[in-house]
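File shown: protein-v1.tsv. Contents: TSV, C-alpha atoms.
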```tsv
chain	number	residue	atom	x	y	z
A	1	MET	CA	-3.89	-13.67	-22.01
A	2	LEU	CA	-3.65	-10.02	-23.10
A	3	ALA	CA	-3.41	-8.96	-19.45
A	4	LYS	CA	-0.59	-11.44	-18.88
A	5	PHE	CA	1.39	-10.13	-21.87
A	6	MET	CA	0.75	-6.56	-20.75
A	7	GLY	CA	1.95	-7.46	-17.26
A	8	TRP	CA	5.21	-8.88	-18.60
A	9	GLY	CA	5.75	-5.85	-20.83
A	10	LEU	CA	4.95	-3.42	-18.03
A	11	LEU	CA	7.22	-5.27	-15.64
A	12	ALA	CA	10.10	-5.08	-18.14
A	13	ALA	CA	9.48	-1.36	-18.70
A	14	ILE	CA	9.32	-0.58	-14.99
A	15	ARG	CA	12.50	-2.49	-14.26
A	16	LEU	CA	14.25	-0.76	-17.16
A	17	LEU	CA	13.05	2.65	-15.97
A	18	THR	CA	13.58	2.24	-12.22
A	19	GLY	CA	15.43	-0.99	-11.58
A	20	ALA	CA	12.60	-1.95	-9.20
A	21	GLN	CA	15.16	-3.41	-6.82
A	22	ALA	CA	13.70	-5.42	-3.94
A	23	ARG	CA	15.69	-5.56	-0.70
A	24	TRP	CA	14.40	-8.19	1.72
A	25	TRP	CA	16.16	-6.85	4.79
A	26	GLY	CA	13.87	-7.90	7.63
A	27	CYS	CA	12.03	-10.88	6.16
A	28	PRO	CA	12.30	-13.22	3.17
A	29	PRO	CA	9.86	-13.23	0.26
A	30	LYS	CA	7.34	-15.82	1.36
A	31	ALA	CA	3.97	-16.96	0.04
A	32	GLU	CA	2.03	-16.22	3.21
A	33	GLN	CA	-0.83	-13.79	3.70
A	34	ARG	CA	0.58	-10.35	4.37
A	35	ILE	CA	-0.35	-6.69	4.62
A	36	TYR	CA	2.50	-4.66	3.15
A	37	PHE	CA	2.34	-1.05	4.38
A	38	ALA	CA	4.60	1.57	2.84
A	39	ASN	CA	5.36	5.27	2.53
A	40	HIS	CA	3.44	7.13	-0.17
A	41	GLN	CA	5.13	9.65	-2.47
A	42	SER	CA	3.77	9.05	-5.97
A	43	HIS	CA	1.00	7.44	-7.98
A	44	LEU	CA	3.71	5.04	-9.12
A	45	ASP	CA	4.12	3.64	-5.61
A	46	LEU	CA	1.69	0.80	-6.23
A	47	VAL	CA	3.38	0.01	-9.55
A	48	MET	CA	6.82	0.08	-7.97
A	49	ILE	CA	6.05	-2.24	-5.07
A	50	TRP	CA	4.09	-4.58	-7.39
A	51	ALA	CA	7.10	-4.81	-9.71
A	52	ALA	CA	9.50	-5.41	-6.81
A	53	LEU	CA	7.64	-8.51	-5.63
A	54	PRO	CA	8.66	-11.88	-7.10
A	55	GLU	CA	6.13	-13.44	-9.47
A	56	GLU	CA	4.78	-15.94	-6.95
A	57	LEU	CA	3.93	-13.08	-4.58
A	58	ARG	CA	2.53	-10.70	-7.23
A	59	SER	CA	-0.10	-13.28	-8.11
A	60	ILE	CA	-1.49	-13.29	-4.56
A	61	THR	CA	-0.95	-9.63	-3.64
A	62	ARG	CA	-3.38	-6.81	-4.42
A	63	PRO	CA	-2.40	-3.12	-4.16
A	64	ILE	CA	-4.92	-0.42	-3.34
A	65	ALA	CA	-5.46	2.22	-6.02
A	66	ALA	CA	-7.09	5.66	-5.75
A	67	ARG	CA	-10.25	5.47	-7.84
A	68	ASP	CA	-10.19	9.18	-8.73
A	69	TYR	CA	-6.80	8.70	-10.45
A	70	TRP	CA	-6.63	5.10	-11.64
A	71	ALA	CA	-10.22	4.80	-12.91
A	72	THR	CA	-10.43	8.01	-14.94
A	73	THR	CA	-9.86	6.36	-18.35
A	74	PRO	CA	-10.77	2.93	-19.78
A	75	PHE	CA	-7.06	2.05	-20.12
A	76	LYS	CA	-6.25	2.92	-16.50
A	77	ARG	CA	-9.28	0.96	-15.30
A	78	TRP	CA	-8.26	-2.03	-17.40
A	79	ILE	CA	-4.63	-2.06	-16.30
A	80	THR	CA	-5.43	-1.65	-12.60
A	81	THR	CA	-8.09	-4.35	-12.58
A	82	GLU	CA	-6.70	-6.84	-15.11
A	83	VAL	CA	-2.92	-6.45	-14.64
A	84	PHE	CA	-2.45	-5.23	-11.05
A	85	ASN	CA	-5.66	-6.81	-9.69
A	86	ALA	CA	-5.92	-3.65	-7.60
A	87	ILE	CA	-8.54	-2.73	-5.05
A	88	TYR	CA	-10.11	0.66	-5.68
A	89	VAL	CA	-10.47	3.02	-2.74
A	90	GLU	CA	-12.02	6.45	-2.47
A	91	ARG	CA	-9.28	8.93	-1.65
A	92	GLY	CA	-10.19	10.78	1.52
A	93	GLY	CA	-12.76	8.15	2.40
A	94	SER	CA	-10.89	4.88	2.53
A	95	ALA	CA	-10.15	3.65	5.99
A	96	ALA	CA	-7.07	1.80	4.82
A	97	ALA	CA	-5.67	4.82	3.10
A	98	ALA	CA	-6.90	7.77	5.13
A	99	PRO	CA	-10.23	7.15	6.80
A	100	PRO	CA	-11.78	10.20	8.39
A	101	ALA	CA	-14.60	7.88	9.38
A	102	LEU	CA	-12.22	6.09	11.73
A	103	GLU	CA	-10.43	9.17	13.04
A	104	GLN	CA	-12.30	10.23	16.15
A	105	ALA	CA	-11.03	13.76	16.03
A	106	ALA	CA	-12.18	14.19	12.45
A	107	ALA	CA	-15.50	12.38	12.82
A	108	PRO	CA	-16.47	11.96	16.49
A	109	GLN	CA	-20.06	11.12	15.56
A	110	VAL	CA	-18.96	7.82	13.96
A	111	ILE	CA	-18.43	4.91	16.35
A	112	PRO	CA	-15.15	3.09	15.64
A	113	GLY	CA	-15.83	-0.51	14.63
A	114	SER	CA	-19.42	0.25	13.63
A	115	ALA	CA	-20.79	-0.74	10.23
A	116	GLU	CA	-20.65	2.89	9.16
A	117	ALA	CA	-17.02	3.22	10.18
A	118	LEU	CA	-16.00	-0.05	8.53
A	119	ALA	CA	-17.78	0.62	5.22
A	120	PRO	CA	-14.77	2.26	3.50
A	121	LEU	CA	-12.63	-0.73	4.50
A	122	GLN	CA	-15.00	-3.33	3.09
A	123	PRO	CA	-13.13	-4.02	-0.20
A	124	LEU	CA	-9.94	-4.68	1.77
A	125	ILE	CA	-11.73	-6.81	4.32
A	126	GLU	CA	-13.18	-8.92	1.51
A	127	ALA	CA	-9.75	-9.31	-0.11
A	128	LEU	CA	-8.19	-10.45	3.17
A	129	ARG	CA	-11.07	-12.82	3.90
A	130	SER	CA	-10.53	-14.39	0.48
A	131	GLY	CA	-6.89	-15.09	1.38
A	132	ASP	CA	-5.20	-12.34	-0.64
A	133	SER	CA	-2.29	-10.24	0.56
A	134	ILE	CA	-2.67	-6.47	0.14
A	135	ILE	CA	-0.48	-3.37	-0.23
A	136	ILE	CA	-1.65	-0.22	1.55
A	137	PHE	CA	-0.35	3.30	2.14
A	138	PRO	CA	-1.46	4.32	5.64
A	139	GLU	CA	-0.63	8.02	5.16
A	140	GLY	CA	-3.58	8.25	2.80
A	141	THR	CA	-2.25	11.10	0.67
A	142	ARG	CA	1.13	11.51	-0.97
A	143	GLY	CA	3.73	13.31	1.09
A	144	ASN	CA	6.51	15.55	-0.21
A	145	THR	CA	8.67	16.03	2.88
A	146	GLY	CA	10.59	12.76	2.65
A	147	VAL	CA	9.10	11.60	5.96
A	148	PRO	CA	5.75	9.78	6.10
A	149	GLN	CA	2.82	11.70	7.49
A	150	LYS	CA	0.94	10.36	10.51
A	151	PHE	CA	-0.66	7.01	9.74
A	152	LYS	CA	-4.45	6.85	9.62
A	153	SER	CA	-6.59	4.23	11.33
A	154	GLY	CA	-7.11	1.62	8.65
A	155	LEU	CA	-3.97	-0.38	9.38
A	156	PHE	CA	-4.90	-0.64	13.05
A	157	THR	CA	-8.42	-1.81	12.23
A	158	LEU	CA	-7.18	-4.47	9.80
A	159	ALA	CA	-4.58	-5.65	12.32
A	160	GLN	CA	-7.37	-6.05	14.88
A	161	MET	CA	-9.64	-7.92	12.49
A	162	PHE	CA	-6.94	-10.17	10.99
A	163	PRO	CA	-4.38	-10.91	13.72
A	164	GLU	CA	-3.03	-13.91	11.78
A	165	VAL	CA	-2.01	-11.80	8.77
A	166	VAL	CA	1.67	-10.79	8.77
A	167	LEU	CA	2.27	-7.00	8.81
A	168	VAL	CA	5.34	-6.08	6.73
A	169	PRO	CA	6.68	-2.49	6.64
A	170	ALA	CA	8.24	-1.29	3.38
A	171	TRP	CA	10.19	1.78	2.31
A	172	ILE	CA	9.91	2.89	-1.33
A	173	ASP	CA	12.95	4.97	-2.27
A	174	ASN	CA	13.33	7.52	-5.08
A	175	VAL	CA	10.03	6.83	-6.86
A	176	GLN	CA	8.88	10.42	-6.25
A	177	ARG	CA	11.73	11.52	-8.54
A	178	VAL	CA	10.52	9.20	-11.30
A	179	MET	CA	7.05	10.74	-11.28
A	180	PRO	CA	7.00	14.00	-9.27
A	181	LYS	CA	3.62	15.29	-8.15
A	182	GLY	CA	1.93	17.07	-11.05
A	183	GLU	CA	4.09	15.45	-13.75
A	184	VAL	CA	2.90	12.92	-16.32
A	185	VAL	CA	6.16	11.84	-18.01
A	186	PRO	CA	8.36	9.49	-15.97
A	187	VAL	CA	12.11	10.05	-15.66
A	188	PRO	CA	14.58	7.12	-15.41
A	189	ILE	CA	15.83	6.93	-11.81
A	190	LEU	CA	17.14	3.90	-9.90
A	191	CYS	CA	14.58	2.96	-7.24
A	192	SER	CA	14.28	0.32	-4.56
A	193	VAL	CA	11.80	-1.18	-2.13
A	194	THR	CA	13.13	-2.32	1.25
A	195	PHE	CA	10.98	-4.80	3.16
A	196	GLY	CA	11.47	-4.77	6.92
A	197	THR	CA	10.88	-6.97	9.93
A	198	PRO	CA	7.19	-7.78	10.44
A	199	ILE	CA	5.37	-6.18	13.34
A	200	ARG	CA	2.23	-7.23	15.17
A	201	LEU	CA	-0.51	-5.55	17.17
A	202	GLU	CA	0.29	-6.30	20.80
A	203	GLU	CA	-2.44	-7.35	23.20
A	204	GLY	CA	-4.11	-4.27	24.65
A	205	GLU	CA	-2.13	-1.87	22.44
A	206	GLU	CA	-4.02	1.32	21.67
A	207	ARG	CA	-4.61	2.71	18.20
A	208	ARG	CA	-2.25	5.71	18.15
A	209	PRO	CA	0.76	3.99	19.79
A	210	PHE	CA	0.44	1.13	17.31
A	211	LEU	CA	0.17	3.46	14.31
A	212	ASP	CA	3.14	5.51	15.49
A	213	ARG	CA	5.17	2.33	15.96
A	214	ALA	CA	4.20	1.13	12.47
A	215	ARG	CA	5.23	4.48	11.00
A	216	GLU	CA	8.59	4.31	12.78
A	217	ALA	CA	9.11	0.80	11.38
A	218	VAL	CA	8.74	2.23	7.87
A	219	ILE	CA	10.98	5.25	8.54
A	220	ALA	CA	13.68	2.99	10.03
A	221	LEU	CA	14.12	1.37	6.59
A	222	ARG	CA	15.28	4.59	4.91
A	223	ASN	CA	18.95	4.08	5.71
A	224	VAL	CA	19.13	0.29	5.68
```
Can you give me the file's structure in the form of structure tokens?
Amino acid sequence: MLAKFMGWGLLAAIRLLTGAQARWWGCPPKAEQRIYFANHQSHLDLVMIWAALPEELRSITRPIAARDYWATTPFKRWITTEVFNAIYVERGGSAAAAPPALEQAAAPQVIPGSAEALAPLQPLIEALRSGDSIIIFPEGTRGNTGVPQKFKSGLFTLAQMFPEVVLVPAWIDNVQRVMPKGEVVPVPILCSVTFGTPIRLEEGEERRPFLDRAREAVIALRNV
């Protein structure tokens, strides 16, 4: 019950601070299993996209959260697990966020698809197998150029493993100005999340072309 009250209060605060405006440009809000993949500019990204979802989707959607930031205090751990129902990932080691284990150039000794390569993805695999939707940031680390960095391999691997799950690109706008990198006090700025047309992994499509196409789908939402 405390988590529910905290969720309502946090939702009201976020919407007051940012507006948390959702723009369903390419697809309607629908209670189906989805992987939302978005640009990454701030630690508030997961909060922003969570707040932009309607209540019926928030209850079935789990964002990923960097353990080294969101699990550093008891309060952060509580709010990410009890309010956001987040999935912790190891920054720099999570395949969904930025998996060097799945990047052949970075780790050629690891066989893609092997148990070792899939280990960082396991929490996300379990969430998808249980029927949850998830929110991921395929760049892995926050960018500051305004354009997403190259996507890492996790999205491709999940698309291969769960072809029935709908892949929805999203563009989070202005949240980096609410909480710039290195700052701890948020600034009121109107923000929005634009959800685009779902994409799918085509038969025989290779990893890098798919990831580049997914990245372009996110970038295309900037000026919608």
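Residues of protein, DNA and RNA with at least one atom no farther than 6 Å from (1.4, -4.6, 0.2) are, using all atoms listed in the file, Ile35, Tyr36, Phe37, Pro63, Ile134, Ile135 and Ile136 of chain A.
A straight line drawn from atom CA of Pro198 of chain A to atom CA of Leu118 of chain A is 24.5 Å long.
For the pair atom CA of Trp8 of chain A and atom CA of Pro138 of chain A, the separation is 28.4 Å.
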Residues near Val166 of chain A, anyone? I mean within 9 Å using all atoms listed in the file, not counting same-chain ones fewer than 3 positions away, as a PyMOL selection string.
chain A and resi 32-36+159+162-163+198-200
Same residues, C-alpha atoms, output as an mmCIF file, in the frame of the given file:
```cif
data_model
loop_
_atom_site.group_PDB
_atom_site.id
_atom_site.type_symbol
_atom_site.label_atom_id
_atom_site.label_comp_id
_atom_site.auth_asym_id
_atom_site.auth_seq_id
_atom_site.Cartn_x
_atom_site.Cartn_y
_atom_site.Cartn_z
ATOM 1 C CA GLU A 32 2.030 -16.220 3.210
ATOM 2 C CA GLN A 33 -0.830 -13.790 3.700
ATOM 3 C CA ARG A 34 0.580 -10.350 4.370
ATOM 4 C CA ILE A 35 -0.350 -6.690 4.620
ATOM 5 C CA TYR A 36 2.500 -4.660 3.150
ATOM 6 C CA ALA A 159 -4.580 -5.650 12.320
ATOM 7 C CA PHE A 162 -6.940 -10.170 10.990
ATOM 8 C CA PRO A 163 -4.380 -10.910 13.720
ATOM 9 C CA PRO A 198 7.190 -7.780 10.440
ATOM 10 C CA ILE A 199 5.370 -6.180 13.340
ATOM 11 C CA ARG A 200 2.230 -7.230 15.170
#
```
For Ile219 of chain A, find every residue with an atom within 10 Å (counting only C-alpha atoms), except residues of its own chain fewer than 3 positions away, and show them as a list in words.
Ala38, Asn39, Gly146, Val147, Pro148, Pro169, Ala170, Trp171, Arg213, Ala214, Arg215, Glu216, Arg222, Asn223 and Val224 of chain A
Using atom CA of Arg208 of chain A and atom CA of Lys152 of chain A as the two end points, give the distance in Å to one decimal.
8.9 Å
Provide an axis-aligned box for all listed atoms of segment 46-55 of chain A, padding each side by 8 Å; report its centre and its edge lengths in Å to one decimal, as AutoDock Vina command-line options.
```
--center_x 5.6 --center_y -6.3 --center_z -7.4 --size_x 23.8 --size_y 30.2 --size_z 20.6
```
With a distance cut-off of 6 Å and all atoms listed in the file, select the neighbouring residues of Ala66 of chain A, excluding the residue or stretch itself and same-chain residues fewer than 2 positions from it, and output the selection as an NGL selection string.
:A and (68-70 or 88-91)
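The shortest atom-to-atom distance to Thr194 of chain A, with all atoms listed in the file taken into account, belongs to A:Val168 out of A:Ile79, A:Leu155, A:Val168, A:Leu211.
Between Asn85 of chain A and the candidates A:Ala31, A:Leu11, A:Leu124, A:Ile64, the tightest atom-to-atom separation, counting all atoms listed in the file, involves A:Ile64.
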Who sits within 9 Å of Asp212 of chain A, all atoms listed in the file, same chain under 5 positions skipped, as a PyMOL selection string
chain A and resi 150-151+207+217
Give as a ChimeraX atom specification the set of residues within 6 Å of the point (15.5, -4.1, -2.1), where distances use the file's coordinates and all atoms listed in the file.
/A:21-24,192-194
Quick one: residues within 7 Å of Gly26 of chain A, all atoms listed in the file, excluding same-chain residues fewer than 6 positions away - as a PyMOL selection string?
chain A and resi 195-197
Deliver the residues from the most recent selection as a file, using C-alpha atoms, as a compact mmCIF listing (two decimals), in the coordinates of the input.
```
# COMPACT_ATOMS: atom_id res chain seq x y z
CA PHE A 195 10.98 -4.80 3.16
CA GLY A 196 11.47 -4.77 6.92
CA THR A 197 10.88 -6.97 9.93
```
Missing atoms of segment 148-167 of chain A rebuilt to N, CA and C atoms, written as a CSV table (one decimal), keeping the file's coordinate frame:
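New file rebuild.csv:
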```
chain,number,residue,atom,x,y,z
A,148,PRO,N,7.2,10.1,6.1
A,148,PRO,CA,5.8,9.8,6.1
A,148,PRO,C,4.9,10.6,7.1
A,149,GLN,N,3.7,11.0,6.6
A,149,GLN,CA,2.8,11.7,7.5
A,149,GLN,C,2.3,10.7,8.5
A,150,LYS,N,1.5,11.2,9.5
A,150,LYS,CA,0.9,10.4,10.5
A,150,LYS,C,0.1,9.3,9.8
A,151,PHE,N,0.1,8.1,10.3
A,151,PHE,CA,-0.7,7.0,9.7
A,151,PHE,C,-2.1,7.1,10.2
A,152,LYS,N,-3.0,6.8,9.3
A,152,LYS,CA,-4.4,6.8,9.6
A,152,LYS,C,-4.9,5.5,10.1
A,153,SER,N,-6.1,5.3,10.5
A,153,SER,CA,-6.6,4.2,11.3
A,153,SER,C,-6.7,2.9,10.7
A,154,GLY,N,-6.8,2.9,9.3
A,154,GLY,CA,-7.1,1.6,8.6
A,154,GLY,C,-6.2,0.5,9.0
A,155,LEU,N,-4.9,0.7,9.1
A,155,LEU,CA,-4.0,-0.4,9.4
A,155,LEU,C,-4.3,-1.0,10.7
A,156,PHE,N,-4.6,-0.2,11.7
A,156,PHE,CA,-4.9,-0.6,13.0
A,156,PHE,C,-6.2,-1.5,13.0
A,157,THR,N,-7.2,-1.1,12.3
A,157,THR,CA,-8.4,-1.8,12.2
A,157,THR,C,-8.2,-3.2,11.6
A,158,LEU,N,-7.4,-3.2,10.5
A,158,LEU,CA,-7.2,-4.5,9.8
A,158,LEU,C,-6.3,-5.4,10.7
A,159,ALA,N,-5.4,-4.8,11.4
A,159,ALA,CA,-4.6,-5.6,12.3
A,159,ALA,C,-5.4,-6.3,13.4
A,160,GLN,N,-6.4,-5.5,13.9
A,160,GLN,CA,-7.4,-6.0,14.9
A,160,GLN,C,-8.2,-7.2,14.3
A,161,MET,N,-8.7,-7.0,13.1
A,161,MET,CA,-9.6,-7.9,12.5
A,161,MET,C,-8.9,-9.2,12.0
A,162,PHE,N,-7.7,-9.0,11.6
A,162,PHE,CA,-6.9,-10.2,11.0
A,162,PHE,C,-5.6,-10.4,11.7
A,163,PRO,N,-5.6,-10.8,13.0
A,163,PRO,CA,-4.4,-10.9,13.7
A,163,PRO,C,-3.4,-11.9,13.2
A,164,GLU,N,-3.9,-12.9,12.3
A,164,GLU,CA,-3.0,-13.9,11.8
A,164,GLU,C,-2.3,-13.4,10.5
A,165,VAL,N,-2.7,-12.3,10.0
A,165,VAL,CA,-2.0,-11.8,8.8
A,165,VAL,C,-0.7,-11.1,9.2
A,166,VAL,N,0.4,-11.3,8.4
A,166,VAL,CA,1.7,-10.8,8.8
A,166,VAL,C,1.8,-9.3,8.3
A,167,LEU,N,2.2,-8.4,9.1
A,167,LEU,CA,2.3,-7.0,8.8
A,167,LEU,C,3.7,-6.7,8.5
```
